[in-house]
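Below is structure07.cif, which holds mmCIF, N, CA and C atoms.
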```
data_model
loop_
_atom_site.label_atom_id
_atom_site.label_comp_id
_atom_site.auth_asym_id
_atom_site.auth_seq_id
_atom_site.Cartn_x
_atom_site.Cartn_y
_atom_site.Cartn_z
N MET A 1 22.25 -208.48 -105.04
CA MET A 1 22.15 -207.60 -106.19
C MET A 1 23.49 -206.91 -106.46
N TRP A 2 23.78 -206.71 -107.72
CA TRP A 2 25.03 -206.05 -108.08
C TRP A 2 25.11 -204.65 -107.50
N GLY A 3 23.98 -204.00 -107.29
CA GLY A 3 23.97 -202.65 -106.75
C GLY A 3 24.24 -202.55 -105.26
N ASP A 4 24.28 -203.67 -104.57
CA ASP A 4 24.54 -203.68 -103.12
C ASP A 4 26.04 -203.64 -102.85
N THR A 5 26.68 -202.65 -103.42
CA THR A 5 28.14 -202.55 -103.41
C THR A 5 28.73 -202.63 -102.02
N GLU A 6 28.22 -201.84 -101.10
CA GLU A 6 28.78 -201.81 -99.75
C GLU A 6 28.61 -203.14 -99.03
N ASP A 7 27.44 -203.73 -99.14
CA ASP A 7 27.19 -205.02 -98.48
C ASP A 7 28.11 -206.10 -99.05
N ILE A 8 28.27 -206.10 -100.35
CA ILE A 8 29.16 -207.08 -100.99
C ILE A 8 30.60 -206.86 -100.53
N ALA A 9 31.01 -205.60 -100.47
CA ALA A 9 32.38 -205.28 -100.05
C ALA A 9 32.66 -205.76 -98.63
N ILE A 10 31.70 -205.55 -97.75
CA ILE A 10 31.86 -206.00 -96.37
C ILE A 10 31.99 -207.52 -96.31
N ARG A 11 31.16 -208.22 -97.05
CA ARG A 11 31.22 -209.68 -97.05
C ARG A 11 32.54 -210.18 -97.63
N LEU A 12 33.02 -209.55 -98.70
CA LEU A 12 34.29 -209.96 -99.28
C LEU A 12 35.44 -209.70 -98.31
N GLN A 13 35.37 -208.60 -97.58
CA GLN A 13 36.40 -208.32 -96.57
C GLN A 13 36.38 -209.38 -95.48
N GLU A 14 35.19 -209.81 -95.08
CA GLU A 14 35.07 -210.87 -94.08
C GLU A 14 35.62 -212.20 -94.60
N GLU A 15 35.36 -212.49 -95.87
CA GLU A 15 35.79 -213.76 -96.46
C GLU A 15 37.29 -213.80 -96.77
N HIS A 16 37.86 -212.63 -97.13
CA HIS A 16 39.26 -212.56 -97.55
C HIS A 16 39.96 -211.40 -96.83
N PRO A 17 40.09 -211.47 -95.50
CA PRO A 17 40.58 -210.32 -94.73
C PRO A 17 42.02 -209.90 -95.01
N ASP A 18 42.85 -210.79 -95.49
CA ASP A 18 44.26 -210.46 -95.71
C ASP A 18 44.60 -210.20 -97.17
N LEU A 19 43.60 -210.18 -98.01
CA LEU A 19 43.83 -210.03 -99.45
C LEU A 19 43.60 -208.59 -99.88
N ASP A 20 44.59 -207.99 -100.53
CA ASP A 20 44.45 -206.64 -101.07
C ASP A 20 43.51 -206.71 -102.28
N PRO A 21 42.36 -206.07 -102.21
CA PRO A 21 41.39 -206.16 -103.31
C PRO A 21 41.93 -205.67 -104.65
N LEU A 22 42.92 -204.79 -104.62
CA LEU A 22 43.46 -204.27 -105.87
C LEU A 22 44.29 -205.30 -106.62
N THR A 23 44.59 -206.42 -105.98
CA THR A 23 45.35 -207.48 -106.64
C THR A 23 44.44 -208.57 -107.24
N VAL A 24 43.12 -208.41 -107.07
CA VAL A 24 42.17 -209.42 -107.50
C VAL A 24 41.73 -209.16 -108.93
N ARG A 25 41.79 -210.21 -109.75
CA ARG A 25 41.30 -210.11 -111.13
C ARG A 25 39.78 -210.05 -111.12
N PHE A 26 39.21 -209.36 -112.09
CA PHE A 26 37.76 -209.24 -112.15
C PHE A 26 37.08 -210.59 -112.34
N THR A 27 37.73 -211.53 -113.00
CA THR A 27 37.13 -212.86 -113.16
C THR A 27 36.98 -213.54 -111.80
N ASP A 28 37.98 -213.41 -110.95
CA ASP A 28 37.90 -213.97 -109.61
C ASP A 28 36.88 -213.22 -108.76
N LEU A 29 36.90 -211.90 -108.85
CA LEU A 29 35.95 -211.09 -108.10
C LEU A 29 34.52 -211.47 -108.46
N HIS A 30 34.25 -211.61 -109.72
CA HIS A 30 32.91 -212.00 -110.19
C HIS A 30 32.51 -213.33 -109.57
N ALA A 31 33.41 -214.29 -109.62
CA ALA A 31 33.12 -215.63 -109.09
C ALA A 31 32.84 -215.58 -107.60
N TRP A 32 33.63 -214.80 -106.86
CA TRP A 32 33.44 -214.70 -105.42
C TRP A 32 32.13 -214.02 -105.06
N VAL A 33 31.76 -213.00 -105.82
CA VAL A 33 30.50 -212.29 -105.55
C VAL A 33 29.31 -213.23 -105.77
N VAL A 34 29.28 -213.90 -106.92
CA VAL A 34 28.12 -214.75 -107.20
C VAL A 34 28.08 -215.97 -106.28
N ALA A 35 29.21 -216.31 -105.66
CA ALA A 35 29.25 -217.45 -104.73
C ALA A 35 28.74 -217.09 -103.34
N LEU A 36 28.59 -215.79 -103.06
CA LEU A 36 28.08 -215.39 -101.75
C LEU A 36 26.66 -215.92 -101.57
N PRO A 37 26.36 -216.55 -100.44
CA PRO A 37 25.04 -217.17 -100.25
C PRO A 37 23.88 -216.18 -100.38
N GLU A 38 24.10 -214.93 -99.99
CA GLU A 38 23.02 -213.95 -100.04
C GLU A 38 22.89 -213.24 -101.39
N PHE A 39 23.79 -213.55 -102.33
CA PHE A 39 23.73 -212.91 -103.64
C PHE A 39 22.64 -213.55 -104.48
N LYS A 40 21.69 -212.72 -104.93
CA LYS A 40 20.52 -213.25 -105.64
C LYS A 40 20.28 -212.56 -106.98
N ASP A 41 21.31 -212.08 -107.63
CA ASP A 41 21.15 -211.39 -108.91
C ASP A 41 21.63 -212.30 -110.04
N ASP A 42 21.36 -211.89 -111.25
CA ASP A 42 21.78 -212.65 -112.43
C ASP A 42 23.27 -212.42 -112.66
N PRO A 43 24.08 -213.46 -112.59
CA PRO A 43 25.53 -213.29 -112.81
C PRO A 43 25.86 -212.67 -114.16
N LYS A 44 25.01 -212.84 -115.13
CA LYS A 44 25.28 -212.34 -116.48
C LYS A 44 25.09 -210.83 -116.61
N THR A 45 24.46 -210.20 -115.62
CA THR A 45 24.23 -208.75 -115.71
C THR A 45 25.39 -207.94 -115.14
N SER A 46 26.45 -208.62 -114.78
CA SER A 46 27.64 -207.94 -114.29
C SER A 46 28.33 -207.22 -115.45
N ASN A 47 29.09 -206.18 -115.10
CA ASN A 47 29.94 -205.53 -116.09
C ASN A 47 31.15 -204.94 -115.37
N GLU A 48 32.07 -204.40 -116.13
CA GLU A 48 33.31 -203.89 -115.55
C GLU A 48 33.05 -202.76 -114.56
N LYS A 49 32.10 -201.89 -114.87
CA LYS A 49 31.79 -200.76 -113.99
C LYS A 49 31.28 -201.25 -112.63
N LYS A 50 30.41 -202.25 -112.62
CA LYS A 50 29.88 -202.79 -111.37
C LYS A 50 30.97 -203.47 -110.56
N LEU A 51 31.81 -204.25 -111.23
CA LEU A 51 32.90 -204.93 -110.54
C LEU A 51 33.91 -203.94 -109.98
N GLU A 52 34.19 -202.89 -110.73
CA GLU A 52 35.13 -201.88 -110.25
C GLU A 52 34.57 -201.17 -109.02
N ALA A 53 33.28 -200.88 -109.01
CA ALA A 53 32.66 -200.24 -107.84
C ALA A 53 32.76 -201.14 -106.62
N ILE A 54 32.53 -202.43 -106.81
CA ILE A 54 32.66 -203.39 -105.70
C ILE A 54 34.11 -203.45 -105.23
N GLN A 55 35.03 -203.50 -106.17
CA GLN A 55 36.45 -203.58 -105.81
C GLN A 55 36.89 -202.35 -105.02
N MET A 56 36.45 -201.17 -105.42
CA MET A 56 36.83 -199.94 -104.71
C MET A 56 36.20 -199.88 -103.32
N ALA A 57 34.96 -200.31 -103.20
CA ALA A 57 34.31 -200.34 -101.88
C ALA A 57 35.01 -201.36 -100.98
N TRP A 58 35.38 -202.49 -101.55
CA TRP A 58 36.11 -203.51 -100.79
C TRP A 58 37.47 -202.95 -100.35
N TYR A 59 38.12 -202.22 -101.25
CA TYR A 59 39.42 -201.64 -100.90
C TYR A 59 39.30 -200.68 -99.72
N GLU A 60 38.23 -199.90 -99.68
CA GLU A 60 37.99 -199.01 -98.54
C GLU A 60 37.84 -199.81 -97.25
N GLU A 61 37.09 -200.92 -97.33
CA GLU A 61 36.93 -201.81 -96.16
C GLU A 61 38.27 -202.40 -95.75
N PHE A 62 39.06 -202.79 -96.72
CA PHE A 62 40.39 -203.36 -96.49
C PHE A 62 41.29 -202.34 -95.79
N GLN A 63 41.28 -201.10 -96.28
CA GLN A 63 42.11 -200.06 -95.66
C GLN A 63 41.67 -199.78 -94.22
N ASP A 64 40.36 -199.73 -94.00
CA ASP A 64 39.85 -199.51 -92.64
C ASP A 64 40.31 -200.62 -91.71
N ALA A 65 40.30 -201.84 -92.19
CA ALA A 65 40.69 -202.99 -91.37
C ALA A 65 42.19 -202.98 -91.06
N GLN A 66 42.98 -202.38 -91.94
CA GLN A 66 44.42 -202.34 -91.73
C GLN A 66 44.85 -201.29 -90.72
N SER A 67 43.99 -200.32 -90.47
CA SER A 67 44.39 -199.23 -89.55
C SER A 67 43.89 -199.44 -88.14
#
```

Go ahead and express the file in the form of structure tokens.
Amino acid sequence: MWGDTEDIAIRLQEEHPDLDPLTVRFTDLHAWVVALPEFKDDPKTSNEKKLEAIQMAWYEEFQDAQS
């Protein structure tokens, strides 16, 4: 679900541990989220606000992993 921001962020950090999330385009982020095996929401219900929330949560995970 798009609302599972923290879970998605953790999975993206696991999949792309060396990638700074702030460098990711929303089109790529969208594709990576919907490609996650456990993602079961409608890809068309995404919007910029949801993607930005995921990106920021992922960035927090990324920063934690760097320290």

How many Å separate atom C of Leu36 in chain A from atom C of Arg11 in chain A? 9.1 Å

With only C-alpha atoms as the basis for distance, which of A:Gln63, A:Glu6, A:Lys49, A:Lys44 is at the shortest distance from Leu19 in chain A?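 Using only C-alpha atoms, the shortest distance to Leu19 in chain A belongs to A:Gln63.
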
Pick out the residues sitting within 10 Å of Leu29 in chain A, and hand them over as a ChimeraX atom specification; count only C-alpha atoms, and ignore anything fewer than 2 positions along from it in its own chain. /A:12,21,24-27,31-35,51-52,54-55

For Trp2 in chain A, the nearest of the candidates A:Glu14, A:Asp41, A:Tyr59, A:Ser67, counting only N, CA and C atoms: A:Asp41

Quick one: everything within 10 Å of Gln66 in chain A, counting only C-alpha atoms, minus sequence neighbours fewer than 6 positions away in the same chain. Send it as JSON, numbers by chain. {"A": [17, 18, 60]}

Interatomic distance between CA of Asp42 in chain A and CA of His16 in chain A?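 Value for the CA of Asp42 in chain A-CA of His16 in chain A distance: 23.0 Å.
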
Choose the residue, out of A:Asp28, A:Asp4, A:Asp20, A:Glu15, that has the smallest atom-to-atom separation from Phe62 in chain A; count only N, CA and C atoms. A:Asp20

By how many Å are CA of Met56 in chain A and CA of Phe39 in chain A apart? 18.5 Å

Enclose all atoms of range 6-21 of chain A listed in the file in an axis-aligned box, grow every side by 5 Å, and hand back centre and edge lengths in Å to one decimal, as lines of an AutoDock Vina configuration file.
```
center_x = 35.9
center_y = -207.8
center_z = -99.4
size_x = 27.4
size_y = 22.0
size_z = 20.6
```
